[in-house]
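Visitor: Just run.txt, nothing more (compact mmCIF, C-alpha atoms and all ligand atoms):
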# COMPACT_ATOMS: atom_id res chain seq x y z
CA MET A 1 18.57 50.12 -20.30
CA ALA A 2 21.89 50.27 -18.43
CA VAL A 3 21.78 49.73 -14.65
CA LYS A 4 24.72 50.50 -12.39
CA LEU A 5 26.04 47.66 -10.18
CA LYS A 6 29.04 49.54 -8.79
CA GLU A 7 31.22 52.44 -9.89
CA ASN A 8 32.04 51.80 -13.58
CA ILE A 9 30.20 48.46 -13.69
CA TYR A 10 26.82 48.20 -15.43
CA TRP A 11 24.19 45.68 -16.42
CA VAL A 12 23.55 46.27 -20.12
CA GLY A 13 21.58 43.12 -20.90
CA VAL A 14 18.22 42.46 -22.49
CA VAL A 15 14.93 41.41 -20.89
CA ASP A 16 13.12 38.80 -22.97
CA TRP A 17 9.54 39.23 -21.78
CA ASP A 18 8.04 36.96 -24.40
CA ILE A 19 9.99 33.71 -24.39
CA ARG A 20 7.83 30.83 -23.13
CA ASP A 21 9.93 27.83 -24.15
CA PHE A 22 13.67 27.56 -23.71
CA HIS A 23 14.39 24.32 -25.58
CA SER A 24 11.49 22.55 -23.80
CA HIS A 25 12.04 24.29 -20.46
CA GLU A 26 8.84 26.26 -20.06
CA THR A 27 9.54 29.87 -19.11
CA PRO A 28 6.17 31.38 -18.13
CA PHE A 29 7.92 34.44 -16.69
CA GLY A 30 10.30 35.03 -19.62
CA THR A 31 14.00 35.50 -18.96
CA THR A 32 16.86 37.97 -19.21
CA TYR A 33 20.19 37.75 -21.00
CA ASN A 34 22.56 39.55 -18.71
CA SER A 35 25.54 41.32 -20.20
CA TYR A 36 27.80 43.42 -18.05
CA LEU A 37 29.96 46.36 -19.03
CA ILE A 38 33.01 47.44 -17.08
CA THR A 39 34.43 50.83 -18.02
CA GLY A 40 37.70 52.54 -17.15
CA GLU A 41 41.17 52.41 -18.65
CA LYS A 42 39.82 49.51 -20.68
CA ASN A 43 36.19 48.81 -21.53
CA ILE A 44 35.18 45.21 -21.03
CA LEU A 45 31.92 43.53 -22.01
CA ILE A 46 31.00 40.25 -20.32
CA ASP A 47 28.76 38.05 -22.49
CA THR A 48 26.19 39.20 -25.06
CA CYS A 49 22.67 37.95 -25.86
CA LYS A 50 20.61 36.27 -28.57
CA GLU A 51 21.35 37.46 -32.08
CA GLU A 52 17.83 38.78 -32.71
CA LEU A 53 18.07 41.05 -29.65
CA CYS A 54 21.44 42.55 -30.58
CA SER A 55 20.09 46.03 -31.26
CA GLU A 56 18.73 46.20 -27.69
CA LEU A 57 22.10 45.16 -26.27
CA ILE A 58 23.90 47.79 -28.34
CA PHE A 59 21.39 50.36 -27.17
CA GLY A 60 22.13 49.48 -23.53
CA ILE A 61 25.89 49.71 -24.08
CA SER A 62 25.44 53.05 -25.86
CA GLU A 63 23.86 54.53 -22.74
CA VAL A 64 27.27 54.14 -21.07
CA ILE A 65 29.93 54.25 -23.80
CA ASN A 66 30.24 54.21 -27.54
CA PRO A 67 30.21 50.45 -28.41
CA LYS A 68 33.17 51.10 -30.73
CA LYS A 69 35.22 51.66 -27.58
CA ILE A 70 34.89 48.14 -26.19
CA ASP A 71 38.40 46.73 -25.80
CA TYR A 72 37.64 43.22 -24.59
CA ILE A 73 34.70 40.85 -24.63
CA ILE A 74 34.77 38.06 -22.09
CA ALA A 75 32.81 35.20 -23.70
CA GLN A 76 32.04 32.93 -20.77
CA HIS A 77 30.00 30.43 -22.78
CA SER A 78 29.41 29.91 -26.48
CA GLU A 79 25.72 28.97 -26.26
CA LYS A 80 23.92 31.36 -28.54
CA ASP A 81 21.81 33.01 -25.85
CA HIS A 82 25.11 34.56 -24.67
CA SER A 83 27.27 34.61 -27.79
CA GLY A 84 24.66 35.57 -30.40
CA CYS A 85 25.89 39.18 -30.78
CA LEU A 86 29.63 38.53 -30.64
CA GLU A 87 30.10 38.83 -34.38
CA ASP A 88 28.36 42.20 -34.47
CA ILE A 89 30.18 43.61 -31.46
CA VAL A 90 33.60 42.39 -32.61
CA LYS A 91 32.88 43.95 -36.01
CA ILE A 92 31.87 47.28 -34.46
CA SER A 93 34.67 47.48 -31.91
CA GLY A 94 37.50 45.20 -32.97
CA ALA A 95 37.53 43.99 -29.36
CA LYS A 96 39.70 41.07 -28.33
CA VAL A 97 37.72 38.01 -27.23
CA ILE A 98 38.69 36.40 -23.94
CA THR A 99 37.62 32.78 -23.60
CA ASN A 100 39.02 29.33 -22.84
CA GLU A 101 40.37 26.80 -25.34
CA LYS A 102 37.01 24.97 -25.59
CA GLY A 103 35.15 28.26 -25.96
CA LYS A 104 37.39 29.27 -28.84
CA GLU A 105 36.76 25.92 -30.55
CA LEU A 106 32.96 26.21 -30.23
CA LEU A 107 32.83 29.89 -31.21
CA SER A 108 34.93 29.13 -34.28
CA ILE A 109 32.26 26.66 -35.41
CA TYR A 110 29.36 29.03 -34.81
CA TYR A 111 30.99 32.16 -36.24
CA ASN A 112 33.57 33.26 -38.74
CA THR A 113 36.32 34.02 -36.24
CA ASP A 114 39.21 34.18 -38.74
CA ASN A 115 39.89 37.83 -37.94
CA TRP A 116 39.13 37.65 -34.21
CA GLU A 117 41.92 38.17 -31.75
CA PHE A 118 41.52 35.66 -28.92
CA ILE A 119 43.02 35.72 -25.45
CA ILE A 120 42.85 32.19 -24.01
CA VAL A 121 42.51 31.70 -20.27
CA ASN A 122 42.71 28.58 -18.13
CA ASP A 123 41.33 27.76 -14.71
CA ASN A 124 42.70 30.27 -12.16
CA THR A 125 44.25 32.52 -14.81
CA THR A 126 44.36 36.11 -13.61
CA LEU A 127 44.42 38.99 -16.07
CA LYS A 128 44.83 42.69 -15.47
CA LEU A 129 42.75 44.57 -18.01
CA GLY A 130 43.25 48.30 -17.57
CA ASP A 131 42.58 49.20 -13.96
CA LYS A 132 40.74 45.97 -13.06
CA SER A 133 42.01 42.48 -12.33
CA PHE A 134 40.06 39.34 -13.12
CA LYS A 135 40.36 35.73 -12.15
CA PHE A 136 38.80 33.06 -14.36
CA ILE A 137 37.18 29.94 -12.92
CA LEU A 138 36.53 27.22 -15.47
CA THR A 139 33.29 25.31 -14.84
CA PRO A 140 33.23 22.76 -17.68
CA MET A 141 29.92 20.96 -18.20
CA LEU A 142 27.97 23.39 -16.11
CA HIS A 143 26.28 22.97 -18.52
CA TRP A 144 28.43 23.13 -21.68
CA PRO A 145 32.11 22.16 -21.97
CA ASP A 146 33.23 25.78 -22.26
CA ASN A 147 31.39 27.38 -19.31
CA MET A 148 33.48 29.60 -17.11
CA MET A 149 33.00 32.27 -14.47
CA THR A 150 34.85 35.57 -14.10
CA TYR A 151 35.71 37.06 -10.74
CA CYS A 152 36.39 40.79 -10.66
CA ILE A 153 38.97 40.89 -7.87
CA ASP A 154 38.78 44.65 -7.22
CA ASP A 155 35.00 44.78 -6.91
CA LYS A 156 34.35 41.31 -5.47
CA ILE A 157 31.79 40.48 -8.13
CA LEU A 158 31.47 36.98 -9.49
CA PHE A 159 30.09 36.89 -13.02
CA SER A 160 28.77 33.34 -12.82
CA ASN A 161 27.33 32.88 -16.31
CA ASP A 162 24.61 30.18 -16.33
CA ALA A 163 25.21 29.08 -12.73
CA PHE A 164 22.93 30.76 -10.17
CA GLY A 165 20.65 31.92 -13.00
CA GLN A 166 16.89 32.10 -13.06
CA HIS A 167 14.52 32.32 -16.00
CA PHE A 168 12.63 35.29 -14.69
CA ALA A 169 11.95 38.50 -16.62
CA SER A 170 11.49 41.48 -14.37
CA SER A 171 11.95 45.22 -14.27
CA LYS A 172 14.20 44.64 -11.24
CA ARG A 173 17.85 43.76 -11.53
CA PHE A 174 18.76 42.94 -7.92
CA ASP A 175 17.40 40.31 -5.51
CA TYR A 176 16.74 42.85 -2.73
CA GLU A 177 14.43 44.85 -5.01
CA ILE A 178 11.94 42.00 -5.21
CA LYS A 179 9.54 41.80 -2.31
CA ASN A 180 9.36 38.33 -0.77
CA TYR A 181 11.88 37.01 -3.28
CA SER A 182 11.26 33.32 -3.90
CA PHE A 183 14.11 30.94 -4.62
CA HIS A 184 11.62 28.97 -6.66
CA TYR A 185 12.85 30.49 -9.94
CA ALA A 186 16.42 29.53 -9.11
CA LYS A 187 15.31 26.04 -8.09
CA GLU A 188 13.33 25.55 -11.29
CA TYR A 189 16.36 26.69 -13.30
CA PHE A 190 18.66 24.34 -11.36
CA ALA A 191 16.28 21.38 -11.84
CA ASN A 192 15.78 21.93 -15.55
CA ILE A 193 19.25 22.99 -16.63
CA LEU A 194 21.89 22.02 -14.10
CA MET A 195 20.44 18.79 -12.65
CA PRO A 196 22.25 16.50 -15.15
CA TYR A 197 25.57 18.03 -14.10
CA LYS A 198 24.97 18.43 -10.41
CA SER A 199 27.92 16.20 -9.49
CA MET A 200 30.19 19.00 -10.78
CA VAL A 201 28.70 21.58 -8.45
CA PRO A 202 30.28 20.72 -5.05
CA ASP A 203 33.84 21.40 -6.26
CA ILE A 204 32.77 24.71 -7.73
CA ILE A 205 30.98 25.72 -4.52
CA GLU A 206 34.16 24.97 -2.57
CA LYS A 207 36.13 27.26 -4.90
CA LEU A 208 33.58 30.02 -4.49
CA LYS A 209 33.74 29.79 -0.71
CA CYS A 210 37.34 31.01 -0.96
CA LEU A 211 36.23 34.24 -2.66
CA GLU A 212 35.01 37.41 -1.02
CA LEU A 213 31.68 38.07 -2.71
CA ASP A 214 29.72 41.32 -2.81
CA MET A 215 27.60 40.19 -5.74
CA ILE A 216 26.97 37.13 -7.88
CA ALA A 217 25.96 38.36 -11.31
CA PRO A 218 24.53 35.47 -13.36
CA ALA A 219 23.70 35.39 -17.06
CA HIS A 220 19.94 35.08 -16.44
CA GLY A 221 17.63 36.63 -13.86
CA VAL A 222 18.38 38.85 -10.90
CA ILE A 223 21.80 39.66 -9.47
CA TRP A 224 22.46 38.17 -6.05
CA CYS A 225 23.43 40.75 -3.41
CA LYS A 226 21.33 40.25 -0.31
CA TYR A 227 20.92 36.50 -0.68
CA ILE A 228 24.41 35.40 -1.77
CA ASN A 229 24.89 33.02 1.14
CA ASN A 230 21.33 31.78 0.81
CA ILE A 231 21.65 30.88 -2.86
CA ILE A 232 24.96 29.08 -2.29
CA LYS A 233 23.36 27.16 0.58
CA LYS A 234 20.35 26.38 -1.62
CA TYR A 235 22.66 24.92 -4.29
CA GLU A 236 24.23 22.70 -1.65
CA ASP A 237 20.78 21.60 -0.47
CA TRP A 238 19.64 20.80 -3.98
CA ILE A 239 22.73 18.72 -4.61
CA PHE A 240 22.84 16.76 -1.39
CA ASN A 241 19.52 16.78 0.40
CA VAL A 242 16.62 14.53 -0.37
CA LYS A 243 13.35 15.24 1.43
CA ASN A 244 10.90 12.70 2.77
CA LYS A 245 8.77 13.59 -0.20
CA ALA A 246 6.89 11.71 -2.91
CA VAL A 247 6.05 13.02 -6.36
CA ILE A 248 3.29 11.15 -8.16
CA VAL A 249 2.98 11.88 -11.86
CA TYR A 250 0.20 10.29 -13.86
CA ASP A 251 -1.90 10.48 -16.98
CA SER A 252 -5.37 9.01 -17.21
CA MET A 253 -7.82 8.29 -20.03
CA TYR A 254 -11.01 7.48 -18.10
CA GLY A 255 -9.98 8.09 -14.49
CA SER A 256 -8.69 4.65 -13.43
CA THR A 257 -5.00 5.60 -13.25
CA ARG A 258 -6.04 8.84 -11.55
CA ILE A 259 -7.83 6.88 -8.81
CA MET A 260 -4.70 4.73 -8.43
CA ALA A 261 -2.52 7.86 -8.09
CA HIS A 262 -4.81 9.37 -5.48
CA SER A 263 -5.01 6.09 -3.52
CA LEU A 264 -1.20 5.77 -3.41
CA ALA A 265 -1.02 9.39 -2.29
CA CYS A 266 -3.42 8.68 0.60
CA GLY A 267 -1.21 5.86 1.90
CA LEU A 268 1.95 7.98 1.71
CA MET A 269 0.28 10.98 3.35
CA GLU A 270 -1.01 8.79 6.16
CA ARG A 271 2.64 8.06 6.95
CA GLY A 272 3.54 11.74 6.96
CA VAL A 273 5.32 11.78 3.60
CA GLU A 274 5.08 15.16 1.87
CA THR A 275 3.22 14.22 -1.28
CA LYS A 276 2.66 16.06 -4.55
CA VAL A 277 0.35 14.66 -7.22
CA TYR A 278 0.50 15.91 -10.79
CA ASP A 279 -1.74 15.14 -13.74
CA VAL A 280 0.93 15.44 -16.43
CA SER A 281 -1.64 16.69 -18.95
CA LYS A 282 -2.38 19.72 -16.77
CA THR A 283 0.95 20.81 -15.31
CA SER A 284 4.12 21.84 -17.09
CA ILE A 285 6.88 19.25 -17.01
CA SER A 286 9.39 21.94 -15.99
CA LYS A 287 7.35 22.57 -12.87
CA ILE A 288 6.96 18.89 -12.03
CA VAL A 289 10.70 18.15 -12.30
CA THR A 290 11.42 21.04 -9.94
CA ASP A 291 9.61 18.99 -7.31
CA VAL A 292 11.35 15.80 -8.45
CA LEU A 293 14.74 17.42 -7.73
CA ASP A 294 14.59 16.79 -3.97
CA CYS A 295 12.03 13.99 -3.68
CA LYS A 296 12.77 10.53 -2.32
CA TYR A 297 9.96 8.65 -4.10
CA LEU A 298 8.97 9.08 -7.73
CA LEU A 299 5.76 7.29 -8.71
CA ILE A 300 4.74 7.38 -12.36
CA GLY A 301 1.43 6.07 -13.63
CA SER A 302 0.11 5.55 -17.11
CA PRO A 303 -2.67 3.53 -18.64
CA THR A 304 -1.52 1.22 -21.40
CA MET A 305 -2.38 2.83 -24.72
CA ASN A 306 -1.62 0.93 -27.92
CA ARG A 307 0.97 -1.24 -26.10
CA ASN A 308 2.73 1.81 -24.73
CA VAL A 309 2.49 4.62 -22.20
CA THR A 310 0.32 7.60 -23.15
CA PRO A 311 2.06 10.26 -25.28
CA ASN A 312 1.96 12.67 -22.31
CA ILE A 313 3.79 10.23 -20.04
CA GLY A 314 6.15 9.40 -22.92
CA LYS A 315 7.09 13.08 -23.11
CA PHE A 316 7.62 13.20 -19.35
CA LEU A 317 9.83 10.08 -19.42
CA THR A 318 11.93 11.57 -22.23
CA TYR A 319 12.40 14.75 -20.22
CA LEU A 320 13.34 12.71 -17.16
CA MET A 321 15.98 10.81 -19.15
CA ASN A 322 17.28 14.16 -20.32
CA ILE A 323 17.75 15.73 -16.90
CA ARG A 324 18.53 12.47 -15.06
CA PRO A 325 17.45 12.94 -11.46
CA TYR A 326 19.25 9.99 -9.85
CA ASP A 327 18.88 8.23 -6.50
CA LYS A 328 15.13 7.84 -6.30
CA ILE A 329 12.83 5.06 -5.24
CA GLY A 330 10.69 4.36 -8.30
CA VAL A 331 7.16 3.00 -8.47
CA ALA A 332 5.38 2.37 -11.78
CA PHE A 333 1.65 1.86 -11.91
CA GLY A 334 -1.27 1.99 -14.32
CA SER A 335 -4.48 0.51 -15.66
CA TYR A 336 -4.83 -1.56 -18.82
CA GLY A 337 -7.53 -3.10 -20.97
CA TRP A 338 -6.31 -6.36 -22.52
CA VAL A 339 -2.51 -6.29 -22.40
CA GLU A 340 -0.31 -4.52 -19.81
CA CYS A 341 2.65 -2.65 -21.28
CA ALA A 342 2.88 0.84 -19.72
CA VAL A 343 4.24 -0.20 -16.33
CA ASN A 344 7.13 -2.09 -17.92
CA LYS A 345 7.98 0.89 -20.15
CA ILE A 346 8.15 3.13 -17.07
CA LYS A 347 10.32 0.59 -15.24
CA THR A 348 12.75 0.54 -18.15
CA VAL A 349 13.35 4.25 -17.59
CA PHE A 350 13.73 3.71 -13.84
CA LEU A 351 16.37 1.06 -14.53
CA GLU A 352 18.29 3.42 -16.79
CA LEU A 353 18.27 5.98 -13.98
CA TYR A 354 19.44 3.33 -11.45
CA TYR A 355 16.32 3.71 -9.32
CA LYS A 356 15.46 1.27 -6.58
CA ILE A 357 12.18 -0.12 -7.96
CA VAL A 358 9.43 -1.22 -5.60
CA GLU A 359 6.82 -3.47 -7.19
CA ASP A 360 3.51 -5.07 -6.25
CA LYS A 361 0.66 -6.81 -8.04
CA CYS A 362 -1.73 -4.06 -6.96
CA LEU A 363 0.10 -1.57 -9.20
CA THR A 364 -1.46 -2.90 -12.41
CA ILE A 365 -5.22 -2.89 -12.62
CA ARG A 366 -7.50 -4.11 -15.40
CA LEU A 367 -9.83 -1.36 -16.61
CA LYS A 368 -11.17 -0.07 -13.28
CA PRO A 369 -9.98 -0.28 -9.66
CA THR A 370 -12.38 -1.98 -7.28
CA THR A 371 -12.86 -0.94 -3.65
CA GLU A 372 -10.49 -3.78 -2.73
CA ASP A 373 -7.88 -2.50 -5.21
CA ILE A 374 -8.09 0.96 -3.70
CA LYS A 375 -7.49 -0.48 -0.22
CA LYS A 376 -4.45 -2.38 -1.50
CA LEU A 377 -3.03 0.72 -3.16
CA LYS A 378 -3.41 2.73 0.04
CA GLU A 379 -1.74 -0.08 1.93
CA PHE A 380 1.09 -0.11 -0.66
CA GLY A 381 1.56 3.64 -0.13
CA ARG A 382 1.91 3.08 3.61
CA LYS A 383 4.35 0.19 3.13
CA LEU A 384 6.41 2.22 0.68
CA ALA A 385 6.89 4.85 3.37
CA ASP A 386 7.71 2.22 6.01
CA ILE A 387 10.44 0.31 4.12
CA ASP A 388 13.98 0.88 5.34
CA TYR A 389 15.93 1.41 2.13
CA ASP A 390 19.45 1.46 3.57
FE FE B 401 23.92 27.89 -21.40
FE FE B 402 22.13 30.74 -20.68
What would the structure in this file look like if it were written as structure tokens?
Guide:
Amino acid sequence: MAVKLKENIYWVGVVDWDIRDFHSHETPFGTTYNSYLITGEKNILIDTCKEELCSELIFGISEVINPKKIDYIIAQHSEKDHSGCLEDIVKISGAKVITNEKGKELLSIYYNTDNWEFIIVNDNTTLKLGDKSFKFILTPMLHWPDNMMTYCIDDKILFSNDAFGQHFASSKRFDYEIKNYSFHYAKEYFANILMPYKSMVPDIIEKLKCLELDMIAPAHGVIWCKYINNIIKKYEDWIFNVKNKAVIVYDSMYGSTRIMAHSLACGLMERGVETKVYDVSKTSISKIVTDVLDCKYLLIGSPTMNRNVTPNIGKFLTYLMNIRPYDKIGVAFGSYGWVECAVNKIKTVFLELYYKIVEDKCLTIRLKPTTEDIKKLKEFGRKLADIDYD
């Protein structure tokens, strides 16, 4: 269904209500693949969607123009959730494909582009296409090497591709249409997708601050209109600000590591540290890492199981290595039966992430914590909060 953004500019994307896993990022609210159509002297499509949803995209375009009349497709990113219908649309329309050098390379691997006519843009290239002018902002590794944004100069709309996205399927297209809009969806998206590349974000934010912005139209989720300044400020917060917050993630077989987690939490809370405790077997990893994004302390606990961490903690550690939240204070803890291995496995991951590791004998407990052990763990939690780490 086409939705008007401004005169001659439409959302023609597809709502994916059913997706629940976006390459391991859990998406309990689905997502959208946002394509935008600009009509006028020239008809321009910005991004497409997944291949299997192509008919829905074509239907949306058809509500505005005959898809055969598309003159240009701006392919901001070759990942298949945005490029999946390019072959079909190029075939139907013969449109020229506007992308950057890297984008052309990647698209040429995915698709048979022999007969495609490419227009290659660089950072800051401006192009006049019919009655509209566009400026291209290359954002490599946010989160693929070919990502770029497109700024429609005449209408002050930034088509930001994956940046500022949210995995959130809704019947609403604009932020102001959603009552009590929560930035949580945007934060979860940032934590799970952009966190590994967050060092690239400050330069991009500086570039965006030079633009007049009426809308930021991302490739997923709602379009930012009312909260443009808020979402830019949120991105800055998520990059730079660490809260006085602890996230404790644990798995437990018979409750011993759970008691340890809760005891550590008590000590931290007594010192006023905002504390979140997650049983990894009960909460989605995507949700947990959203809290990890701005925490100061990350405590991970696992019982030793067959000389290793539990499979649930193993999965969490793999995910952590994938999204690489740096600059944390790491604490590993856990119970064991006859040989302790889990704590060292967790510390290995902390070392790879350059965490400052805080250790203590009380963090490994044989089989079951005693009352004395619980006291020591609470005391450790308090000390952890009291240490000056600078
Ligand atoms: Fe992407
Ligand atoms: Fe995407």
Visitor: I'd like the contact shell of Ile300 (chain A) - 10 Å cut-off, all atoms listed in the file, skipping same-chain residues fewer than 4 positions apart - returned as a PDB file with C-alpha atoms, in the frame of the given file.
Guide:
ATOM      1  CA  VAL A 247       6.050  13.020  -6.360  1.00  0.00           C
ATOM      2  CA  ILE A 248       3.290  11.150  -8.160  1.00  0.00           C
ATOM      3  CA  VAL A 249       2.980  11.880 -11.860  1.00  0.00           C
ATOM      4  CA  TYR A 250       0.200  10.290 -13.860  1.00  0.00           C
ATOM      5  CA  ASP A 251      -1.900  10.480 -16.980  1.00  0.00           C
ATOM      6  CA  THR A 257      -5.000   5.600 -13.250  1.00  0.00           C
ATOM      7  CA  ALA A 261      -2.520   7.860  -8.090  1.00  0.00           C
ATOM      8  CA  VAL A 277       0.350  14.660  -7.220  1.00  0.00           C
ATOM      9  CA  TYR A 278       0.500  15.910 -10.790  1.00  0.00           C
ATOM     10  CA  VAL A 280       0.930  15.440 -16.430  1.00  0.00           C
ATOM     11  CA  ILE A 313       3.790  10.230 -20.040  1.00  0.00           C
ATOM     12  CA  PHE A 316       7.620  13.200 -19.350  1.00  0.00           C
ATOM     13  CA  LEU A 317       9.830  10.080 -19.420  1.00  0.00           C
ATOM     14  CA  GLY A 330      10.690   4.360  -8.300  1.00  0.00           C
ATOM     15  CA  VAL A 331       7.160   3.000  -8.470  1.00  0.00           C
ATOM     16  CA  ALA A 332       5.380   2.370 -11.780  1.00  0.00           C
ATOM     17  CA  PHE A 333       1.650   1.860 -11.910  1.00  0.00           C
ATOM     18  CA  GLY A 334      -1.270   1.990 -14.320  1.00  0.00           C
ATOM     19  CA  VAL A 343       4.240  -0.200 -16.330  1.00  0.00           C
ATOM     20  CA  ILE A 346       8.150   3.130 -17.070  1.00  0.00           C
ATOM     21  CA  LYS A 347      10.320   0.590 -15.240  1.00  0.00           C
ATOM     22  CA  PHE A 350      13.730   3.710 -13.840  1.00  0.00           C
TER      23      PHE A 350
END
Visitor: Ranking A:Lys91, A:Arg20, A:His143, A:Lys68 by minimum distance to ligand FE 401 (chain B) and counting all atoms listed in the file, which one comes first?
Guide: A:His143
Visitor: From the list A:Ser286, A:Thr126, A:Ser281, A:Ser78, which residue is nearest ligand FE 401 (chain B) when using all atoms listed in the file?
Guide: A:Ser78
Visitor: Using all atoms listed in the file, pick whichever of A:Phe190, A:Phe118, A:Tyr72, A:Phe136 has the shortest atom-to-atom distance to ligand FE 402 (chain B).
Guide: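 Among the listed residues, the smallest separation from ligand FE 402 (chain B) belongs to A:Phe190.
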Visitor: Could the residues of chain A that have an atom at most 9 Å from ligand FE 401 (chain B) be listed as a tab-separated table, each with its closest atom pair and the distance in Å to one decimal, counting all atoms listed in the file and ordered by chain and ascending residue number?
Guide:
residue	atom	partner	partner_atom	distance
A:His77	CA	B:FE401	FE	6.7
A:Ser78	CA	B:FE401	FE	7.7
A:Glu79	CA	B:FE401	FE	5.3
A:Lys80	CA	B:FE401	FE	7.9
A:Asp81	CA	B:FE401	FE	7.1
A:His82	CA	B:FE401	FE	7.5
A:Leu142	CA	B:FE401	FE	8.0
A:His143	CA	B:FE401	FE	6.2
A:Trp144	CA	B:FE401	FE	6.6
A:Asn147	CA	B:FE401	FE	7.8
A:Asn161	CA	B:FE401	FE	7.9
A:Asp162	CA	B:FE401	FE	5.6
A:Ala163	CA	B:FE401	FE	8.8
A:Ile193	CA	B:FE401	FE	8.3
A:Ala219	CA	B:FE401	FE	8.7
Visitor: Using all atoms listed in the file, which protein or nucleic acid residues come within 10 Å of Ser62 (chain A)? Drop anything in the same chain fewer than 6 positions from it, and give the result as a PyMOL selection string.
Guide: chain A and resi 1-2+12+56+68
Visitor: Would you list the contacts of Val15 (chain A) as a list in words, taking every protein, DNA or RNA residue within 10 Å and counting all atoms listed in the file, but skipping same-chain residues closer than 6 positions in sequence?
Guide: Met1, Gly30, Thr31, Thr32, Tyr33, Asn34, Cys49, Leu53, Glu56, Leu57, Phe168, Ala169, Ser170, Ser171, His220 and Gly221 of chain A
Visitor: To one decimal place, how far is CA of Lys243 (chain A) from CA of Asp294 (chain A) in Å?
Guide: 5.8 Å
Visitor: What is the distance, in Å and to one decimal place, between CA of Thr364 (chain A) and CA of Glu379 (chain A)?
Guide: 14.6 Å
Visitor: Would you compute the distance between CA of Leu351 (chain A) and CA of Met141 (chain A)? Give it in Å to one decimal.
Guide: 24.4 Å
Visitor: At most 8 Å is the cut-off: for each residue in region 94-174 of chain A with any atom that close to an atom of region 222-233 of chain A, write down the nearest atom pair and the distance in Å rounded to one decimal, counting only C-alpha atoms, chain first then increasing number, as a tab-separated table.
Guide:
residue	atom	partner	partner_atom	distance
A:Phe164	CA	A:Ile231	CA	7.4
A:Gly165	CA	A:Val222	CA	7.6
A:Gln166	CA	A:Val222	CA	7.2
A:Phe168	CA	A:Val222	CA	7.8
A:Lys172	CA	A:Val222	CA	7.1
A:Arg173	CA	A:Val222	CA	5.0
A:Phe174	CA	A:Ile223	CA	4.7
Visitor: Env of Glu274 (chain A): 8 Å cut, atoms = all atoms listed in the file, seq-sep filter 2 positions within chain, self excluded. Answer as a list in words.
Guide: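 Listed by chain and then number, they are Asn244, Lys245, Ala246, Leu268, Met269, Gly272 and Lys276 of chain A.
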Visitor: Choose the residue, out of A:Trp238, A:Trp11, A:Tyr354, A:Tyr189, that has the smallest atom-to-atom separation from ligand FE 402 (chain B); count all atoms listed in the file.
Guide: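 Of A:Trp238, A:Trp11, A:Tyr354, A:Tyr189, the one nearest ligand FE 402 (chain B), counting all atoms listed in the file, is A:Tyr189.
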Visitor: With only C-alpha atoms as the atoms that count, which of A:Thr275, A:Ser133, A:Thr318, A:Ser335 lies nearest to Leu298 (chain A)?
Guide: A:Thr275
Visitor: Find, counting all atoms listed in the file, the residue in A:Arg324, A:Lys104, A:Lys296, A:His23 that gets nearest to Val121 (chain A).
Guide: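 Nearest candidate to Val121 (chain A) out of A:Arg324, A:Lys104, A:Lys296, A:His23: A:Lys104.
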